[in-house]
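Structure first, then comments.
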Amino acid sequence: EAAVRTLAALGAAATVHAADAADARALQAALAEIRAEGPPLVGVVHAAAVFDDGAASAMDAGRFARVLAPKLDAALNLDRLTRQDPVALFLMFSSATTAMGNPGQANYVAANAALEALARRRQAEGLPALAVGWGPIADAGVLAENATTAETLARRLGVEAMTATESLDALPALLRSGAPVLSLARIGWRQAGMALPILEEPLFDAVRGQREASTGSGDLRAHLLTLPPEEARALLRQVVREEAARILRLPAEAIPTDAPVAGMGLDSLGGLELRGALEQRLGMSVPLASVTEDLTVDLLARRLSEGLSGNRAEEETVADIVEQFEPSQRMTPPAEAAE
């Protein structure tokens with residue numbers, strides 16, 4: 001009611017129609033009411049979302065369907081049922097994470113990728129369409145209700161949330177571009193690269209050219225190779241402790257080297273972040289597929305030392321690779337993430 005009154009004060013006559021847009025019949029009935037009221041339907045904005053976050057290995061068809069319905073099913077219904085209308089604006093809200101993924105949101109990323117595919121298809125058919133991959137919005141929507149999630153995104157990806165006004169002020173220029181898919185976000189690319197190894201792929205060459213200065217991983221690795229084995233392992237333990245402490249927001253000295261990290265609150269998503277951070281600092285593949293009940297700083301440092309010196313048996317290396325892409329179910333409960 002407050003929104004309708006605000007629009008009225010601005011000179012717009014607004015009415016509200018409740019319908020599940022993922023239900024084709026319900027949407028068709030609502031559109032019929034809108035057309036009966038007049039004037040002609042010339043614009044569609046799709047801004048719906050549902051979240052069901054978790055590690056990819058814990059996802060199932062039901063959890064994907066729950067997130068896909070308000071995104072893809074609703075968008076396809078809007079696309080099909082408004083073709084008779086003189087639509088000049090067909091705007092869909094995607095996420096800036098779609099191009100690079102987001103740990104814990106495989107279903108949400110897939111749903112937004114589908115929206116972007118629909119935008120491209122409509123444009124190829126000569127129909128208006130734009131899917132905007134919004135970055136985090138600080139003062140409206142999901143993050144406005146969850147400060148902890150906003151802090152997690154900032155820490156993991158170096159993402160600086162924008163205000164709703166800043167984001168929407170950019171919308172006219174995005175629409176004028178004529179592109180079917182665009183993203184708008186403030187992202188710390190070096191920090192994001194620690195959590196998202198995909199940013200090293202050729203697709204992101206242009207982004208890498210704008211990233212901050214290197215963290216000197218080559219120098220650290222070269223230094224480790226010059227040290228006696230015991231000193232190298234000690235330094236690796238310190239590096240692991242520092243990164244685990246950063247993720248858990250604890251002093252490094254508060255992280256024991258011989259206690260399971262799962263007991264300190266490091267979950268499966270935190271494990272992904274830890275692996276990415278260590279790979280960035282050390283310039284090498286890190287054998288950490290999941291956070292198990294027996295994983296300690298000592299154990300991980302020992303594995304890193306073996307990988308650094310090339311002493312690991314070939315079958316162990318292969319097992320690690322398989323585990324990274326087909327992880328076991330021995331994970332701590334996944335932390336929630338959000339756009």
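Letters for chains follow the order of the structure tokens (A, B, ...), residue numbers begin at 1 for each chain, and ligand numbers begin at 1 in the order shown.
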Inset, instruction - Write down as a ChimeraX atom specification the residues belonging to segment 32-218 of chain A that are assigned strand (DSSP E) by DSSP computed on the backbone. - result: /A:43-46,89-95,130-134,159-160,181-184,186-187
Write a file of the just-selected residues containing N, CA and C atoms, as an mmCIF file, in the first residue's frame.
data_model
loop_
_atom_site.group_PDB
_atom_site.id
_atom_site.type_symbol
_atom_site.label_atom_id
_atom_site.label_comp_id
_atom_site.auth_asym_id
_atom_site.auth_seq_id
_atom_site.Cartn_x
_atom_site.Cartn_y
_atom_site.Cartn_z
ATOM 1 N N GLY A 43 5.529 -3.142 -20.777
ATOM 2 C CA GLY A 43 6.766 -3.441 -20.062
ATOM 3 C C GLY A 43 6.603 -4.584 -19.086
ATOM 4 N N VAL A 44 7.631 -5.418 -18.991
ATOM 5 C CA VAL A 44 7.658 -6.537 -18.042
ATOM 6 C C VAL A 44 8.980 -6.477 -17.277
ATOM 7 N N VAL A 45 8.905 -6.553 -15.949
ATOM 8 C CA VAL A 45 10.107 -6.645 -15.115
ATOM 9 C C VAL A 45 10.001 -7.919 -14.276
ATOM 10 N N HIS A 46 10.944 -8.803 -14.451
ATOM 11 C CA HIS A 46 10.979 -10.065 -13.698
ATOM 12 C C HIS A 46 12.068 -9.933 -12.635
ATOM 13 N N LEU A 89 9.746 -3.271 -23.202
ATOM 14 C CA LEU A 89 10.721 -3.530 -22.134
ATOM 15 C C LEU A 89 10.467 -4.922 -21.571
ATOM 16 N N PHE A 90 11.494 -5.770 -21.631
ATOM 17 C CA PHE A 90 11.408 -7.099 -21.008
ATOM 18 C C PHE A 90 12.684 -7.250 -20.201
ATOM 19 N N LEU A 91 12.607 -6.842 -18.932
ATOM 20 C CA LEU A 91 13.780 -6.741 -18.067
ATOM 21 C C LEU A 91 13.771 -7.866 -17.040
ATOM 22 N N MET A 92 14.890 -8.580 -16.936
ATOM 23 C CA MET A 92 15.012 -9.671 -15.968
ATOM 24 C C MET A 92 16.208 -9.420 -15.067
ATOM 25 N N PHE A 93 16.052 -9.804 -13.798
ATOM 26 C CA PHE A 93 17.116 -9.603 -12.815
ATOM 27 C C PHE A 93 17.903 -10.902 -12.643
ATOM 28 N N SER A 94 19.159 -10.875 -13.081
ATOM 29 C CA SER A 94 20.076 -11.990 -12.913
ATOM 30 C C SER A 94 21.046 -11.627 -11.789
ATOM 31 N N SER A 95 22.186 -12.286 -11.740
ATOM 32 C CA SER A 95 23.172 -12.039 -10.684
ATOM 33 C C SER A 95 24.562 -11.936 -11.292
ATOM 34 N N LEU A 130 16.541 -7.763 -21.739
ATOM 35 C CA LEU A 130 17.800 -7.477 -21.048
ATOM 36 C C LEU A 130 17.788 -8.218 -19.723
ATOM 37 N N ALA A 131 18.835 -9.005 -19.479
ATOM 38 C CA ALA A 131 19.044 -9.627 -18.165
ATOM 39 C C ALA A 131 20.236 -8.927 -17.528
ATOM 40 N N VAL A 132 20.001 -8.294 -16.382
ATOM 41 C CA VAL A 132 21.062 -7.564 -15.679
ATOM 42 C C VAL A 132 21.590 -8.427 -14.530
ATOM 43 N N GLY A 133 22.883 -8.682 -14.553
ATOM 44 C CA GLY A 133 23.519 -9.422 -13.458
ATOM 45 C C GLY A 133 23.904 -8.453 -12.354
ATOM 46 N N TRP A 134 23.000 -8.219 -11.431
ATOM 47 C CA TRP A 134 23.253 -7.272 -10.355
ATOM 48 C C TRP A 134 24.261 -7.832 -9.359
ATOM 49 N N VAL A 159 33.690 -8.109 -2.560
ATOM 50 C CA VAL A 159 32.571 -7.440 -3.216
ATOM 51 C C VAL A 159 32.094 -6.281 -2.361
ATOM 52 N N GLU A 160 32.007 -5.110 -2.969
ATOM 53 C CA GLU A 160 31.485 -3.937 -2.268
ATOM 54 C C GLU A 160 30.034 -3.737 -2.688
ATOM 55 N N VAL A 181 22.593 -9.182 -22.253
ATOM 56 C CA VAL A 181 23.060 -9.548 -20.910
ATOM 57 C C VAL A 181 24.187 -8.606 -20.505
ATOM 58 N N LEU A 182 24.063 -7.990 -19.333
ATOM 59 C CA LEU A 182 25.109 -7.139 -18.777
ATOM 60 C C LEU A 182 25.152 -7.345 -17.268
ATOM 61 N N SER A 183 26.304 -7.101 -16.665
ATOM 62 C CA SER A 183 26.425 -7.200 -15.213
ATOM 63 C C SER A 183 26.923 -5.884 -14.644
ATOM 64 N N LEU A 184 26.534 -5.615 -13.407
ATOM 65 C CA LEU A 184 26.942 -4.384 -12.734
ATOM 66 C C LEU A 184 27.279 -4.728 -11.287
ATOM 67 N N ARG A 186 30.665 -4.160 -8.041
ATOM 68 C CA ARG A 186 32.018 -3.773 -7.638
ATOM 69 C C ARG A 186 32.676 -4.995 -7.007
ATOM 70 N N ILE A 187 33.690 -5.538 -7.675
ATOM 71 C CA ILE A 187 34.307 -6.794 -7.233
ATOM 72 C C ILE A 187 35.814 -6.616 -7.105
#
Please report, as a tab-separated table, each residue of segment 33-115 of chain A lying at most 12 Å from segment 140-144 of chain A, together with the nearest pair of atoms and the separation in Å rounded to one decimal; use only C-alpha atoms, and order rows by chain and ascending residue number.
residue	atom	partner	partner_atom	distance
A:Ala47	CA	A:Gly141	CA	10.5
A:Ala48	CA	A:Gly141	CA	10.6
A:Ala49	CA	A:Val142	CA	9.8
A:Val50	CA	A:Val142	CA	10.1
A:Phe51	CA	A:Val142	CA	9.6
I want to know what sits within 8 Å of Ala22 of chain A, based on only C-alpha atoms, with residues of the same chain fewer than 5 positions away left out; could you give that as an mmCIF file with N, CA, C and O atoms, in the first residue's frame?
data_model
loop_
_atom_site.group_PDB
_atom_site.id
_atom_site.type_symbol
_atom_site.label_atom_id
_atom_site.label_comp_id
_atom_site.auth_asym_id
_atom_site.auth_seq_id
_atom_site.Cartn_x
_atom_site.Cartn_y
_atom_site.Cartn_z
ATOM 1 N N LEU A 27 -0.921 -16.843 -13.992
ATOM 2 C CA LEU A 27 -0.350 -15.673 -14.656
ATOM 3 C C LEU A 27 -1.243 -15.206 -15.796
ATOM 4 O O LEU A 27 -1.450 -14.000 -15.986
ATOM 5 N N ALA A 69 11.981 -22.586 -10.355
ATOM 6 C CA ALA A 69 10.585 -22.230 -10.643
ATOM 7 C C ALA A 69 10.340 -20.726 -10.726
ATOM 8 O O ALA A 69 9.827 -20.237 -11.739
ATOM 9 N N PRO A 70 10.687 -19.939 -9.694
ATOM 10 C CA PRO A 70 10.396 -18.504 -9.772
ATOM 11 C C PRO A 70 11.282 -17.765 -10.770
ATOM 12 O O PRO A 70 10.943 -16.656 -11.196
ATOM 13 N N ASP A 73 10.827 -20.846 -14.798
ATOM 14 C CA ASP A 73 9.436 -21.129 -15.156
ATOM 15 C C ASP A 73 8.643 -19.837 -15.302
ATOM 16 O O ASP A 73 7.881 -19.663 -16.263
ATOM 17 N N ALA A 74 8.817 -18.918 -14.356
ATOM 18 C CA ALA A 74 8.090 -17.648 -14.430
ATOM 19 C C ALA A 74 8.513 -16.843 -15.655
ATOM 20 O O ALA A 74 7.671 -16.256 -16.351
ATOM 21 N N ALA A 75 9.806 -16.810 -15.944
ATOM 22 C CA ALA A 75 10.288 -16.038 -17.094
ATOM 23 C C ALA A 75 9.769 -16.623 -18.410
ATOM 24 O O ALA A 75 9.375 -15.881 -19.324
ATOM 25 N N ASN A 77 7.019 -18.317 -18.808
ATOM 26 C CA ASN A 77 5.595 -17.990 -18.890
ATOM 27 C C ASN A 77 5.383 -16.544 -19.322
ATOM 28 O O ASN A 77 4.524 -16.252 -20.167
#
Legend entry - Interatomic distance (Å, one decimal) between atom CA of Ala277 of chain A and atom CA of Glu243 of chain A: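 These atoms are spaced 6.9 Å apart.
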Legend entry - Within 12 Å of Glu1 of chain A using only C-alpha atoms, minus same-chain residues under 4 positions, as a PyMOL selection string: chain A and resi 5-8+14-16
Go ahead and dump the residues you just picked, N, CA, C and O atoms, as an mmCIF file, in the first residue's frame.
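What follows is the written file part.cif:
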data_model
loop_
_atom_site.group_PDB
_atom_site.id
_atom_site.type_symbol
_atom_site.label_atom_id
_atom_site.label_comp_id
_atom_site.auth_asym_id
_atom_site.auth_seq_id
_atom_site.Cartn_x
_atom_site.Cartn_y
_atom_site.Cartn_z
ATOM 1 N N ARG A 5 0.878 4.207 -2.859
ATOM 2 C CA ARG A 5 0.684 5.630 -2.537
ATOM 3 C C ARG A 5 1.851 6.474 -3.053
ATOM 4 O O ARG A 5 1.656 7.586 -3.564
ATOM 5 N N THR A 6 3.074 5.939 -2.922
ATOM 6 C CA THR A 6 4.247 6.680 -3.405
ATOM 7 C C THR A 6 4.173 6.876 -4.912
ATOM 8 O O THR A 6 4.452 7.967 -5.433
ATOM 9 N N LEU A 7 3.797 5.813 -5.619
ATOM 10 C CA LEU A 7 3.670 5.916 -7.077
ATOM 11 C C LEU A 7 2.571 6.909 -7.455
ATOM 12 O O LEU A 7 2.721 7.674 -8.421
ATOM 13 N N ALA A 8 1.493 6.903 -6.713
ATOM 14 C CA ALA A 8 0.404 7.843 -6.997
ATOM 15 C C ALA A 8 0.868 9.285 -6.830
ATOM 16 O O ALA A 8 0.507 10.171 -7.619
ATOM 17 N N ALA A 14 -1.265 2.974 -10.031
ATOM 18 C CA ALA A 14 -0.747 1.627 -9.829
ATOM 19 C C ALA A 14 -1.806 0.717 -9.233
ATOM 20 O O ALA A 14 -2.571 1.130 -8.357
ATOM 21 N N THR A 15 -1.882 -0.504 -9.729
ATOM 22 C CA THR A 15 -2.754 -1.523 -9.143
ATOM 23 C C THR A 15 -1.913 -2.770 -8.880
ATOM 24 O O THR A 15 -0.877 -2.985 -9.515
ATOM 25 N N VAL A 16 -2.363 -3.584 -7.939
ATOM 26 C CA VAL A 16 -1.624 -4.775 -7.540
ATOM 27 C C VAL A 16 -2.434 -6.014 -7.899
ATOM 28 O O VAL A 16 -3.638 -6.083 -7.621
#
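Our summary of the geometry notes that atom CA of Gln28 of chain A is positioned 10.0 Å from atom CA of Arg80 of chain A.
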